[in-house]
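Engineer: Here you go, this is query_14.cif (mmCIF, N, CA and C atoms).
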data_query
#
loop_
_atom_site.label_atom_id
_atom_site.label_comp_id
_atom_site.auth_asym_id
_atom_site.auth_seq_id
_atom_site.Cartn_x
_atom_site.Cartn_y
_atom_site.Cartn_z
N MET A 945 23.30 36.53 22.86
CA MET A 945 22.96 35.17 22.48
C MET A 945 21.64 35.19 21.74
N SER A 946 21.61 34.65 20.53
CA SER A 946 20.39 34.66 19.73
C SER A 946 19.58 33.39 19.99
N ALA A 947 18.28 33.54 19.79
CA ALA A 947 17.38 32.40 19.98
C ALA A 947 17.60 31.42 18.83
N ARG A 948 17.47 30.13 19.14
CA ARG A 948 17.61 29.11 18.10
C ARG A 948 16.43 29.17 17.16
N LYS A 949 16.73 29.06 15.89
CA LYS A 949 15.67 29.04 14.88
C LYS A 949 14.96 27.69 14.97
N PRO A 950 13.62 27.68 14.96
CA PRO A 950 12.89 26.41 15.04
C PRO A 950 13.25 25.51 13.86
N ALA A 951 13.20 24.21 14.07
CA ALA A 951 13.51 23.24 13.02
C ALA A 951 12.48 23.37 11.90
N PRO A 952 12.94 23.40 10.65
CA PRO A 952 11.99 23.48 9.54
C PRO A 952 11.22 22.17 9.41
N CYS A 953 10.05 22.26 8.84
CA CYS A 953 9.25 21.04 8.66
C CYS A 953 9.83 20.22 7.51
N PRO A 954 9.99 18.92 7.72
CA PRO A 954 10.51 18.07 6.65
C PRO A 954 9.64 18.04 5.40
N CYS A 955 8.36 18.38 5.52
CA CYS A 955 7.44 18.29 4.38
C CYS A 955 7.75 19.29 3.28
N GLY A 956 8.59 20.28 3.57
CA GLY A 956 8.98 21.24 2.56
C GLY A 956 8.22 22.55 2.57
N LEU A 957 7.17 22.65 3.35
CA LEU A 957 6.46 23.93 3.44
C LEU A 957 7.27 24.89 4.30
N PRO A 958 7.12 26.19 4.07
CA PRO A 958 7.93 27.18 4.80
C PRO A 958 7.39 27.46 6.20
N ALA A 959 7.43 26.46 7.04
CA ALA A 959 6.95 26.60 8.42
C ALA A 959 7.82 25.74 9.33
N ALA A 960 7.80 26.08 10.59
CA ALA A 960 8.52 25.28 11.57
C ALA A 960 7.79 23.95 11.76
N TYR A 961 8.54 22.88 12.00
CA TYR A 961 7.96 21.56 12.20
C TYR A 961 6.85 21.59 13.26
N ALA A 962 7.10 22.24 14.38
CA ALA A 962 6.13 22.26 15.48
C ALA A 962 4.80 22.89 15.06
N ASP A 963 4.85 23.85 14.14
CA ASP A 963 3.64 24.56 13.71
C ASP A 963 3.03 23.94 12.46
N CYS A 964 3.70 23.00 11.86
CA CYS A 964 3.23 22.40 10.61
C CYS A 964 2.86 20.94 10.89
N CYS A 965 3.64 20.01 10.42
CA CYS A 965 3.31 18.59 10.60
C CYS A 965 3.41 18.15 12.05
N GLY A 966 4.25 18.79 12.84
CA GLY A 966 4.36 18.45 14.25
C GLY A 966 3.04 18.61 14.98
N ALA A 967 2.23 19.59 14.56
CA ALA A 967 0.92 19.80 15.18
C ALA A 967 -0.01 18.63 14.88
N LEU A 968 0.11 18.04 13.70
CA LEU A 968 -0.70 16.86 13.36
C LEU A 968 -0.17 15.64 14.10
N HIS A 969 1.14 15.49 14.16
CA HIS A 969 1.74 14.33 14.85
C HIS A 969 1.35 14.31 16.32
N SER A 970 1.28 15.48 16.94
CA SER A 970 0.96 15.54 18.37
C SER A 970 -0.54 15.50 18.65
N GLY A 971 -1.35 15.62 17.60
CA GLY A 971 -2.80 15.62 17.79
C GLY A 971 -3.38 16.99 18.05
N ARG A 972 -2.56 18.05 17.99
CA ARG A 972 -3.06 19.42 18.21
C ARG A 972 -3.86 19.93 17.02
N ALA A 973 -3.70 19.27 15.86
CA ALA A 973 -4.42 19.67 14.65
C ALA A 973 -4.71 18.42 13.84
N ALA A 974 -5.64 18.55 12.90
CA ALA A 974 -5.98 17.45 11.99
C ALA A 974 -5.78 17.92 10.56
N ALA A 975 -5.45 17.01 9.67
CA ALA A 975 -5.26 17.35 8.26
C ALA A 975 -6.59 17.81 7.66
N VAL A 976 -6.55 18.92 6.94
CA VAL A 976 -7.74 19.47 6.29
C VAL A 976 -7.88 18.91 4.88
N THR A 977 -6.76 18.54 4.26
CA THR A 977 -6.77 18.01 2.90
C THR A 977 -5.96 16.72 2.83
N ALA A 978 -6.16 15.98 1.75
CA ALA A 978 -5.38 14.75 1.54
C ALA A 978 -3.90 15.10 1.38
N GLU A 979 -3.59 16.19 0.69
CA GLU A 979 -2.19 16.58 0.54
C GLU A 979 -1.55 16.90 1.88
N GLN A 980 -2.27 17.58 2.74
CA GLN A 980 -1.72 17.88 4.07
C GLN A 980 -1.44 16.59 4.84
N LEU A 981 -2.33 15.60 4.72
CA LEU A 981 -2.07 14.32 5.38
C LEU A 981 -0.86 13.64 4.76
N MET A 982 -0.76 13.69 3.42
CA MET A 982 0.40 13.09 2.75
C MET A 982 1.69 13.73 3.25
N ARG A 983 1.73 15.06 3.33
CA ARG A 983 2.92 15.76 3.81
C ARG A 983 3.24 15.37 5.25
N SER A 984 2.20 15.24 6.06
CA SER A 984 2.42 14.88 7.47
C SER A 984 2.93 13.45 7.60
N ARG A 985 2.49 12.57 6.72
CA ARG A 985 2.98 11.19 6.75
C ARG A 985 4.44 11.13 6.30
N TYR A 986 4.79 11.90 5.27
CA TYR A 986 6.20 11.98 4.87
C TYR A 986 7.04 12.47 6.04
N SER A 987 6.58 13.53 6.69
CA SER A 987 7.32 14.07 7.84
C SER A 987 7.43 13.05 8.96
N ALA A 988 6.39 12.23 9.14
CA ALA A 988 6.45 11.19 10.17
C ALA A 988 7.54 10.17 9.84
N PHE A 989 7.68 9.82 8.58
CA PHE A 989 8.80 8.95 8.19
C PHE A 989 10.13 9.64 8.49
N ALA A 990 10.21 10.94 8.17
CA ALA A 990 11.46 11.69 8.35
C ALA A 990 11.86 11.80 9.82
N VAL A 991 10.89 11.93 10.72
CA VAL A 991 11.21 12.08 12.15
C VAL A 991 11.07 10.77 12.92
N GLY A 992 10.68 9.69 12.23
CA GLY A 992 10.59 8.38 12.88
C GLY A 992 9.37 8.18 13.75
N ASP A 993 8.24 8.77 13.38
CA ASP A 993 7.01 8.67 14.18
C ASP A 993 6.10 7.56 13.62
N ALA A 994 6.43 6.31 13.92
CA ALA A 994 5.65 5.17 13.43
C ALA A 994 4.23 5.18 13.99
N GLY A 995 4.05 5.66 15.20
CA GLY A 995 2.72 5.73 15.80
C GLY A 995 1.77 6.59 15.00
N TYR A 996 2.24 7.74 14.54
CA TYR A 996 1.40 8.62 13.72
C TYR A 996 1.06 7.94 12.39
N LEU A 997 2.05 7.29 11.81
CA LEU A 997 1.80 6.60 10.54
C LEU A 997 0.69 5.57 10.70
N LEU A 998 0.73 4.81 11.76
CA LEU A 998 -0.32 3.81 12.00
C LEU A 998 -1.67 4.47 12.29
N ARG A 999 -1.68 5.55 13.06
CA ARG A 999 -2.94 6.24 13.38
C ARG A 999 -3.58 6.86 12.15
N SER A 1000 -2.76 7.25 11.16
CA SER A 1000 -3.28 7.93 9.97
C SER A 1000 -3.50 6.97 8.80
N TRP A 1001 -3.51 5.67 9.08
CA TRP A 1001 -3.71 4.63 8.07
C TRP A 1001 -5.14 4.12 8.18
N HIS A 1002 -5.81 3.88 7.07
CA HIS A 1002 -7.18 3.38 7.08
C HIS A 1002 -7.25 2.06 7.84
N SER A 1003 -8.30 1.86 8.60
CA SER A 1003 -8.42 0.66 9.43
C SER A 1003 -8.43 -0.64 8.61
N SER A 1004 -8.88 -0.58 7.36
CA SER A 1004 -8.96 -1.81 6.56
C SER A 1004 -7.62 -2.18 5.91
N THR A 1005 -6.67 -1.27 5.86
CA THR A 1005 -5.38 -1.55 5.22
C THR A 1005 -4.19 -1.36 6.16
N ARG A 1006 -4.44 -0.92 7.36
CA ARG A 1006 -3.37 -0.64 8.33
C ARG A 1006 -2.70 -1.93 8.80
N PRO A 1007 -1.37 -1.96 8.76
CA PRO A 1007 -0.67 -3.14 9.30
C PRO A 1007 -0.76 -3.15 10.83
N GLU A 1008 -0.50 -4.29 11.43
CA GLU A 1008 -0.54 -4.38 12.90
C GLU A 1008 0.60 -3.62 13.54
N GLY A 1009 1.71 -3.56 12.85
CA GLY A 1009 2.87 -2.85 13.37
C GLY A 1009 3.68 -2.28 12.23
N LEU A 1010 4.63 -1.43 12.57
CA LEU A 1010 5.44 -0.78 11.56
C LEU A 1010 6.83 -0.56 12.13
N SER A 1011 7.82 -1.06 11.43
CA SER A 1011 9.21 -0.88 11.83
C SER A 1011 9.89 0.01 10.79
N LEU A 1012 10.39 1.15 11.22
CA LEU A 1012 11.04 2.08 10.30
C LEU A 1012 12.53 1.81 10.24
N ASP A 1013 13.09 1.93 9.06
CA ASP A 1013 14.52 1.70 8.84
C ASP A 1013 15.30 2.94 9.30
N ARG A 1014 16.05 2.79 10.36
CA ARG A 1014 16.81 3.93 10.91
C ARG A 1014 17.96 4.38 10.01
N ASP A 1015 18.34 3.54 9.05
CA ASP A 1015 19.43 3.89 8.13
C ASP A 1015 18.96 4.77 6.97
N VAL A 1016 17.65 4.89 6.80
CA VAL A 1016 17.11 5.72 5.72
C VAL A 1016 16.89 7.14 6.26
N ARG A 1017 17.44 8.11 5.53
CA ARG A 1017 17.25 9.52 5.88
C ARG A 1017 16.47 10.18 4.75
N TRP A 1018 15.26 10.64 5.05
CA TRP A 1018 14.39 11.26 4.05
C TRP A 1018 14.86 12.69 3.84
N THR A 1019 15.09 13.07 2.57
CA THR A 1019 15.76 14.33 2.27
C THR A 1019 14.94 15.33 1.49
N GLY A 1020 13.76 14.97 1.02
CA GLY A 1020 12.94 15.94 0.30
C GLY A 1020 11.68 15.32 -0.25
N LEU A 1021 10.67 16.16 -0.43
CA LEU A 1021 9.37 15.71 -0.92
C LEU A 1021 8.93 16.61 -2.06
N GLU A 1022 8.47 15.98 -3.13
CA GLU A 1022 7.88 16.71 -4.25
C GLU A 1022 6.45 16.23 -4.42
N ILE A 1023 5.50 17.14 -4.43
CA ILE A 1023 4.12 16.80 -4.74
C ILE A 1023 3.96 16.98 -6.24
N LEU A 1024 3.60 15.92 -6.94
CA LEU A 1024 3.53 15.93 -8.40
C LEU A 1024 2.12 16.18 -8.93
N GLY A 1025 1.11 15.93 -8.12
CA GLY A 1025 -0.26 16.13 -8.56
C GLY A 1025 -1.22 15.45 -7.63
N GLY A 1026 -2.49 15.50 -7.99
CA GLY A 1026 -3.50 14.86 -7.17
C GLY A 1026 -4.88 15.08 -7.74
N THR A 1027 -5.83 14.36 -7.17
CA THR A 1027 -7.24 14.52 -7.54
C THR A 1027 -8.06 14.58 -6.26
N GLY A 1028 -9.13 15.37 -6.28
CA GLY A 1028 -10.00 15.48 -5.11
C GLY A 1028 -9.18 15.89 -3.89
N GLY A 1029 -9.57 15.37 -2.75
CA GLY A 1029 -8.80 15.55 -1.54
C GLY A 1029 -8.90 16.89 -0.84
N SER A 1030 -9.83 17.74 -1.26
CA SER A 1030 -9.96 19.05 -0.60
C SER A 1030 -10.78 18.91 0.68
N ALA A 1031 -10.97 20.01 1.35
CA ALA A 1031 -11.78 20.03 2.57
C ALA A 1031 -13.22 19.61 2.28
N PHE A 1032 -13.63 19.68 1.01
CA PHE A 1032 -15.01 19.38 0.64
C PHE A 1032 -15.18 17.99 0.03
N HIS A 1033 -14.08 17.25 -0.13
CA HIS A 1033 -14.13 15.91 -0.71
C HIS A 1033 -14.09 14.84 0.37
N THR A 1034 -14.45 13.61 -0.02
CA THR A 1034 -14.36 12.47 0.89
C THR A 1034 -13.29 11.48 0.45
N GLU A 1035 -12.71 11.71 -0.73
CA GLU A 1035 -11.61 10.87 -1.20
C GLU A 1035 -10.70 11.70 -2.09
N GLY A 1036 -9.50 11.22 -2.26
CA GLY A 1036 -8.56 11.93 -3.11
C GLY A 1036 -7.30 11.11 -3.31
N THR A 1037 -6.48 11.57 -4.24
CA THR A 1037 -5.18 10.95 -4.47
C THR A 1037 -4.12 12.04 -4.43
N VAL A 1038 -2.91 11.65 -4.08
CA VAL A 1038 -1.76 12.55 -4.11
C VAL A 1038 -0.60 11.76 -4.70
N GLU A 1039 -0.06 12.27 -5.81
CA GLU A 1039 1.13 11.67 -6.41
C GLU A 1039 2.34 12.43 -5.90
N PHE A 1040 3.34 11.70 -5.46
CA PHE A 1040 4.52 12.35 -4.88
C PHE A 1040 5.79 11.59 -5.23
N ARG A 1041 6.89 12.28 -5.03
CA ARG A 1041 8.22 11.66 -5.11
C ARG A 1041 8.96 12.07 -3.85
N ALA A 1042 9.36 11.07 -3.07
CA ALA A 1042 10.10 11.31 -1.83
C ALA A 1042 11.55 10.89 -2.04
N HIS A 1043 12.46 11.76 -1.67
CA HIS A 1043 13.89 11.51 -1.84
C HIS A 1043 14.49 11.03 -0.52
N TYR A 1044 15.43 10.12 -0.63
CA TYR A 1044 16.06 9.58 0.59
C TYR A 1044 17.51 9.21 0.33
N ARG A 1045 18.22 9.02 1.41
CA ARG A 1045 19.58 8.49 1.39
C ARG A 1045 19.62 7.30 2.33
N SER A 1046 20.31 6.28 1.89
CA SER A 1046 20.54 5.11 2.73
C SER A 1046 22.02 4.78 2.58
N GLY A 1047 22.76 5.07 3.63
CA GLY A 1047 24.21 4.95 3.51
C GLY A 1047 24.71 5.97 2.51
N ARG A 1048 25.47 5.52 1.53
CA ARG A 1048 25.98 6.43 0.50
C ARG A 1048 25.06 6.51 -0.71
N ALA A 1049 24.05 5.66 -0.76
CA ALA A 1049 23.16 5.60 -1.92
C ALA A 1049 21.98 6.57 -1.76
N ALA A 1050 21.64 7.23 -2.86
CA ALA A 1050 20.47 8.09 -2.90
C ALA A 1050 19.40 7.42 -3.73
N GLY A 1051 18.15 7.68 -3.41
CA GLY A 1051 17.06 7.10 -4.18
C GLY A 1051 15.80 7.92 -4.03
N THR A 1052 14.75 7.47 -4.70
CA THR A 1052 13.44 8.11 -4.59
C THR A 1052 12.37 7.05 -4.45
N GLN A 1053 11.29 7.44 -3.83
CA GLN A 1053 10.08 6.61 -3.74
C GLN A 1053 9.00 7.41 -4.45
N HIS A 1054 8.41 6.82 -5.49
CA HIS A 1054 7.36 7.48 -6.26
C HIS A 1054 6.07 6.71 -6.03
N GLU A 1055 5.01 7.43 -5.67
CA GLU A 1055 3.74 6.76 -5.39
C GLU A 1055 2.59 7.69 -5.70
N ASP A 1056 1.51 7.11 -6.15
CA ASP A 1056 0.23 7.81 -6.27
C ASP A 1056 -0.63 7.21 -5.18
N SER A 1057 -0.80 7.95 -4.10
CA SER A 1057 -1.46 7.44 -2.90
C SER A 1057 -2.94 7.78 -2.87
N SER A 1058 -3.72 6.87 -2.31
CA SER A 1058 -5.16 7.05 -2.18
C SER A 1058 -5.50 7.39 -0.72
N PHE A 1059 -6.39 8.36 -0.56
CA PHE A 1059 -6.83 8.81 0.77
C PHE A 1059 -8.35 8.90 0.79
N VAL A 1060 -8.93 8.60 1.94
CA VAL A 1060 -10.37 8.75 2.15
C VAL A 1060 -10.57 9.31 3.55
N ARG A 1061 -11.80 9.69 3.80
CA ARG A 1061 -12.15 10.11 5.17
C ARG A 1061 -12.70 8.90 5.92
N GLU A 1062 -12.22 8.75 7.13
CA GLU A 1062 -12.72 7.70 8.01
C GLU A 1062 -13.04 8.38 9.33
N GLY A 1063 -14.31 8.33 9.73
CA GLY A 1063 -14.71 9.04 10.95
C GLY A 1063 -14.49 10.54 10.83
N GLY A 1064 -14.57 11.06 9.61
CA GLY A 1064 -14.38 12.49 9.36
C GLY A 1064 -12.94 12.92 9.13
N ALA A 1065 -11.99 12.05 9.43
CA ALA A 1065 -10.57 12.40 9.31
C ALA A 1065 -9.96 11.78 8.06
N TRP A 1066 -9.05 12.50 7.41
CA TRP A 1066 -8.32 11.96 6.28
C TRP A 1066 -7.41 10.84 6.75
N VAL A 1067 -7.40 9.73 5.99
CA VAL A 1067 -6.50 8.60 6.28
C VAL A 1067 -5.94 8.06 4.97
N TYR A 1068 -4.78 7.45 5.07
CA TYR A 1068 -4.10 6.82 3.94
C TYR A 1068 -4.68 5.43 3.72
N VAL A 1069 -5.03 5.12 2.46
CA VAL A 1069 -5.56 3.80 2.14
C VAL A 1069 -4.46 2.92 1.55
N GLY A 1070 -3.74 3.44 0.58
CA GLY A 1070 -2.70 2.68 -0.10
C GLY A 1070 -2.36 3.30 -1.44
N GLU A 1071 -1.71 2.52 -2.26
CA GLU A 1071 -1.31 2.99 -3.58
C GLU A 1071 -2.51 3.03 -4.51
N ALA A 1072 -2.60 4.08 -5.33
CA ALA A 1072 -3.76 4.27 -6.18
C ALA A 1072 -3.53 3.86 -7.63
N GLY A 1073 -2.34 4.03 -8.16
CA GLY A 1073 -2.09 3.79 -9.58
C GLY A 1073 -1.35 2.50 -9.83
N GLN A 1074 -1.18 2.17 -11.11
CA GLN A 1074 -0.48 0.93 -11.46
C GLN A 1074 1.03 1.04 -11.23
N ALA A 1075 1.62 2.12 -11.69
CA ALA A 1075 3.08 2.28 -11.59
C ALA A 1075 3.42 3.05 -10.33
N THR A 1076 3.07 2.50 -9.19
CA THR A 1076 3.26 3.22 -7.94
C THR A 1076 4.05 2.41 -6.95
N GLY A 1077 4.48 3.09 -5.90
CA GLY A 1077 5.17 2.43 -4.81
C GLY A 1077 6.54 1.92 -5.20
N ARG A 1078 7.06 2.40 -6.31
CA ARG A 1078 8.36 1.90 -6.76
C ARG A 1078 9.47 2.78 -6.20
N ARG A 1079 10.56 2.15 -5.88
CA ARG A 1079 11.74 2.89 -5.45
C ARG A 1079 12.65 3.00 -6.65
N GLU A 1080 13.08 4.22 -6.90
CA GLU A 1080 13.96 4.48 -8.03
C GLU A 1080 15.32 4.86 -7.47
N SER A 1081 16.37 4.31 -8.01
CA SER A 1081 17.72 4.66 -7.53
C SER A 1081 18.39 5.59 -8.49
#
Mind turning this structure into structure tokens?

Structural biologist:
Amino acid sequence: MSARKPAPCPCGLPAAYADCCGALHSGRAAAVTAEQLMRSRYSAFAVGDAGYLLRSWHSSTRPEGLSLDRDVRWTGLEILGGTGGSAFHTEGTVEFRAHYRSGRAAGTQHEDSSFVREGGAWVYVGEAGQATGRRES
């Protein structure tokens, strides 16, 4: 009997979920870069972790609650670019395209997201560019 292979991380990096974004979701690790936080937030959508999404949202833009659509299945993430956001920066942006399925329909969410440090930790602020946050079918 062979051991079960650990579940891959939804963020697309070649690591097991538990060792990648799962470590951030559980609080065992913190995002070092804005891109790492972006990937962990995508993974939180994929695994249905609304609590992590709220915890990783800037206090000035965070909603009081968050209800995730259980009919949406997130199927892939592409990082398209970014500015700043390294371990040495205090702000940054990450442009991404997230792929999803809802029922039989496939679509994408394209956004240029803004991140800053709050209390030393990377947090999501909101959309950074003009043509952002759009869902493409």

Engineer: Would you list the contacts of A:Arg1041 as a PyMOL selection string, taking every protein, DNA or RNA residue within 5 Å and counting all atoms listed in the file, but skipping same-chain residues closer than 5 positions in sequence?

Structural biologist: chain A and resi 1021-1022+1053-1054

Engineer: Quick one: DSSP helix (DSSP H, G or I) residues in stretch 945-1008 of chain A, as an MDAnalysis selection string?

Structural biologist: chainID A and resid 961:963 965:969 978:991 994:999

Engineer: Filtering to N, CA and C atoms, could you give me those residues as a CSV table (one decimal), keeping the file's coordinate frame?

Structural biologist:
chain,number,residue,atom,x,y,z
A,961,TYR,N,8.5,22.9,12.0
A,961,TYR,CA,8.0,21.6,12.2
A,961,TYR,C,6.8,21.6,13.3
A,962,ALA,N,7.1,22.2,14.4
A,962,ALA,CA,6.1,22.3,15.5
A,962,ALA,C,4.8,22.9,15.1
A,963,ASP,N,4.8,23.8,14.1
A,963,ASP,CA,3.6,24.6,13.7
A,963,ASP,C,3.0,23.9,12.5
A,965,CYS,N,3.6,20.0,10.4
A,965,CYS,CA,3.3,18.6,10.6
A,965,CYS,C,3.4,18.2,12.0
A,966,GLY,N,4.2,18.8,12.8
A,966,GLY,CA,4.4,18.4,14.2
A,966,GLY,C,3.0,18.6,15.0
A,967,ALA,N,2.2,19.6,14.6
A,967,ALA,CA,0.9,19.8,15.2
A,967,ALA,C,0.0,18.6,14.9
A,968,LEU,N,0.1,18.0,13.7
A,968,LEU,CA,-0.7,16.9,13.4
A,968,LEU,C,-0.2,15.6,14.1
A,969,HIS,N,1.1,15.5,14.2
A,969,HIS,CA,1.7,14.3,14.8
A,969,HIS,C,1.4,14.3,16.3
A,978,ALA,N,-6.2,16.0,1.8
A,978,ALA,CA,-5.4,14.8,1.5
A,978,ALA,C,-3.9,15.1,1.4
A,979,GLU,N,-3.6,16.2,0.7
A,979,GLU,CA,-2.2,16.6,0.5
A,979,GLU,C,-1.6,16.9,1.9
A,980,GLN,N,-2.3,17.6,2.7
A,980,GLN,CA,-1.7,17.9,4.1
A,980,GLN,C,-1.4,16.6,4.8
A,981,LEU,N,-2.3,15.6,4.7
A,981,LEU,CA,-2.1,14.3,5.4
A,981,LEU,C,-0.9,13.6,4.8
A,982,MET,N,-0.8,13.7,3.4
A,982,MET,CA,0.4,13.1,2.8
A,982,MET,C,1.7,13.7,3.2
A,983,ARG,N,1.7,15.1,3.3
A,983,ARG,CA,2.9,15.8,3.8
A,983,ARG,C,3.2,15.4,5.2
A,984,SER,N,2.2,15.2,6.1
A,984,SER,CA,2.4,14.9,7.5
A,984,SER,C,2.9,13.4,7.6
A,985,ARG,N,2.5,12.6,6.7
A,985,ARG,CA,3.0,11.2,6.8
A,985,ARG,C,4.4,11.1,6.3
A,986,TYR,N,4.8,11.9,5.3
A,986,TYR,CA,6.2,12.0,4.9
A,986,TYR,C,7.0,12.5,6.0
A,987,SER,N,6.6,13.5,6.7
A,987,SER,CA,7.3,14.1,7.8
A,987,SER,C,7.4,13.0,9.0
A,988,ALA,N,6.4,12.2,9.1
A,988,ALA,CA,6.4,11.2,10.2
A,988,ALA,C,7.5,10.2,9.8
A,989,PHE,N,7.7,9.8,8.6
A,989,PHE,CA,8.8,9.0,8.2
A,989,PHE,C,10.1,9.6,8.5
A,990,ALA,N,10.2,10.9,8.2
A,990,ALA,CA,11.5,11.7,8.4
A,990,ALA,C,11.9,11.8,9.8
A,991,VAL,N,10.9,11.9,10.7
A,991,VAL,CA,11.2,12.1,12.2
A,991,VAL,C,11.1,10.8,12.9
A,994,ALA,N,6.4,6.3,13.9
A,994,ALA,CA,5.6,5.2,13.4
A,994,ALA,C,4.2,5.2,14.0
A,995,GLY,N,4.0,5.7,15.2
A,995,GLY,CA,2.7,5.7,15.8
A,995,GLY,C,1.8,6.6,15.0
A,996,TYR,N,2.2,7.7,14.5
A,996,TYR,CA,1.4,8.6,13.7
A,996,TYR,C,1.1,7.9,12.4
A,997,LEU,N,2.0,7.3,11.8
A,997,LEU,CA,1.8,6.6,10.5
A,997,LEU,C,0.7,5.6,10.7
A,998,LEU,N,0.7,4.8,11.8
A,998,LEU,CA,-0.3,3.8,12.0
A,998,LEU,C,-1.7,4.5,12.3
A,999,ARG,N,-1.7,5.6,13.1
A,999,ARG,CA,-2.9,6.2,13.4
A,999,ARG,C,-3.6,6.9,12.2

Engineer: Could you list, as a CSV table (one decimal) with N, CA and C atoms, in the frame of the given file, every residue matched by the PyMOL selection byres (((chain A and resi 1023 and name CA) around 12) and name CA) in this structure?

Structural biologist:
chain,number,residue,atom,x,y,z
A,955,CYS,N,8.4,18.4,5.5
A,955,CYS,CA,7.4,18.3,4.4
A,955,CYS,C,7.8,19.3,3.3
A,956,GLY,N,8.6,20.3,3.6
A,956,GLY,CA,9.0,21.2,2.6
A,956,GLY,C,8.2,22.6,2.6
A,957,LEU,N,7.2,22.6,3.4
A,957,LEU,CA,6.5,23.9,3.4
A,957,LEU,C,7.3,24.9,4.3
A,978,ALA,N,-6.2,16.0,1.8
A,978,ALA,CA,-5.4,14.8,1.5
A,978,ALA,C,-3.9,15.1,1.4
A,979,GLU,N,-3.6,16.2,0.7
A,979,GLU,CA,-2.2,16.6,0.5
A,979,GLU,C,-1.6,16.9,1.9
A,980,GLN,N,-2.3,17.6,2.7
A,980,GLN,CA,-1.7,17.9,4.1
A,980,GLN,C,-1.4,16.6,4.8
A,982,MET,N,-0.8,13.7,3.4
A,982,MET,CA,0.4,13.1,2.8
A,982,MET,C,1.7,13.7,3.2
A,983,ARG,N,1.7,15.1,3.3
A,983,ARG,CA,2.9,15.8,3.8
A,983,ARG,C,3.2,15.4,5.2
A,986,TYR,N,4.8,11.9,5.3
A,986,TYR,CA,6.2,12.0,4.9
A,986,TYR,C,7.0,12.5,6.0
A,1020,GLY,N,13.8,15.0,1.0
A,1020,GLY,CA,12.9,15.9,0.3
A,1020,GLY,C,11.7,15.3,-0.2
A,1021,LEU,N,10.7,16.2,-0.4
A,1021,LEU,CA,9.4,15.7,-0.9
A,1021,LEU,C,8.9,16.6,-2.1
A,1022,GLU,N,8.5,16.0,-3.1
A,1022,GLU,CA,7.9,16.7,-4.2
A,1022,GLU,C,6.4,16.2,-4.4
A,1024,LEU,N,3.6,15.9,-6.9
A,1024,LEU,CA,3.5,15.9,-8.4
A,1024,LEU,C,2.1,16.2,-8.9
A,1025,GLY,N,1.1,15.9,-8.1
A,1025,GLY,CA,-0.3,16.1,-8.6
A,1025,GLY,C,-1.2,15.4,-7.6
A,1026,GLY,N,-2.5,15.5,-8.0
A,1026,GLY,CA,-3.5,14.9,-7.2
A,1026,GLY,C,-4.9,15.1,-7.7
A,1027,THR,N,-5.8,14.4,-7.2
A,1027,THR,CA,-7.2,14.5,-7.5
A,1027,THR,C,-8.1,14.6,-6.3
A,1037,THR,N,-6.5,11.6,-4.2
A,1037,THR,CA,-5.2,11.0,-4.5
A,1037,THR,C,-4.1,12.0,-4.4
A,1038,VAL,N,-2.9,11.6,-4.1
A,1038,VAL,CA,-1.8,12.6,-4.1
A,1038,VAL,C,-0.6,11.8,-4.7
A,1039,GLU,N,-0.1,12.3,-5.8
A,1039,GLU,CA,1.1,11.7,-6.4
A,1039,GLU,C,2.3,12.4,-5.9
A,1040,PHE,N,3.3,11.7,-5.5
A,1040,PHE,CA,4.5,12.4,-4.9
A,1040,PHE,C,5.8,11.6,-5.2
A,1041,ARG,N,6.9,12.3,-5.0
A,1041,ARG,CA,8.2,11.7,-5.1
A,1041,ARG,C,9.0,12.1,-3.8
A,1042,ALA,N,9.4,11.1,-3.1
A,1042,ALA,CA,10.1,11.3,-1.8
A,1042,ALA,C,11.6,10.9,-2.0
A,1043,HIS,N,12.5,11.8,-1.7
A,1043,HIS,CA,13.9,11.5,-1.8
A,1043,HIS,C,14.5,11.0,-0.5
A,1053,GLN,N,11.3,7.4,-3.8
A,1053,GLN,CA,10.1,6.6,-3.7
A,1053,GLN,C,9.0,7.4,-4.4
A,1054,HIS,N,8.4,6.8,-5.5
A,1054,HIS,CA,7.4,7.5,-6.3
A,1054,HIS,C,6.1,6.7,-6.0
A,1055,GLU,N,5.0,7.4,-5.7
A,1055,GLU,CA,3.7,6.8,-5.4
A,1055,GLU,C,2.6,7.7,-5.7
A,1056,ASP,N,1.5,7.1,-6.2
A,1056,ASP,CA,0.2,7.8,-6.3
A,1056,ASP,C,-0.6,7.2,-5.2
A,1057,SER,N,-0.8,8.0,-4.1
A,1057,SER,CA,-1.5,7.4,-2.9
A,1057,SER,C,-2.9,7.8,-2.9

Engineer: Just need the box for stretch 1018-1025 of chain A, edges along x, y and z, holding every atom the file lists for it with 5 Å tacked onto each side, so centre and edge lengths in Å to one decimal, as JSON.

Structural biologist:
{"center_x": 7.3, "center_y": 13.9, "center_z": -1.9, "size_x": 27.0, "size_y": 16.5, "size_z": 24.0}

Engineer: For a quick check of understanding, using all atoms listed in the file, which of A:Gly1036, A:Glu1062, A:Cys964, A:Glu1071 has the smallest distance to A:Ser1003?

Structural biologist: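 Using all atoms listed in the file, the shortest distance to A:Ser1003 belongs to A:Glu1062.
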
Engineer: Excluding A:Tyr1068 and any residue of its chain fewer than 5 positions from it, enumerate the residues within 8 Å of it, using only C-alpha atoms, and give them as an NGL selection string.

Structural biologist: :A and (981-982 or 1000-1002 or 1057-1060)

Engineer: When you count only C-alpha atoms, which of these residues is closest to A:Arg1017: A:Lys949, A:Arg1048, A:His1033, A:Arg985?

Structural biologist: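 Among the listed residues, the smallest separation from A:Arg1017 belongs to A:Arg1048.
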
Engineer: Point out the residue among A:Arg1045, A:Pro950, A:Pro958, A:His969 with the least atom-to-atom distance to A:Asp1015, counting all atoms listed in the file.

Structural biologist: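 Once distances to A:Asp1015 are computed over all atoms listed in the file, the minimum belongs to A:Arg1045.
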
Engineer: Which residues, protein or nucleic acid, reach to within 6.5 Å of (19.9, 11.9, 4.5) in the file's coordinates when using only N, CA and C atoms, and can you give that as an MDAnalysis selection string?

Structural biologist: chainID A and resid 1016:1019 1044:1046

Engineer: Quote the spacing between atom N of A:Tyr961 and atom C of A:Ala1031 in Å to one decimal place.

Structural biologist: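 Distance reported for this atom pair: 24.1 Å.
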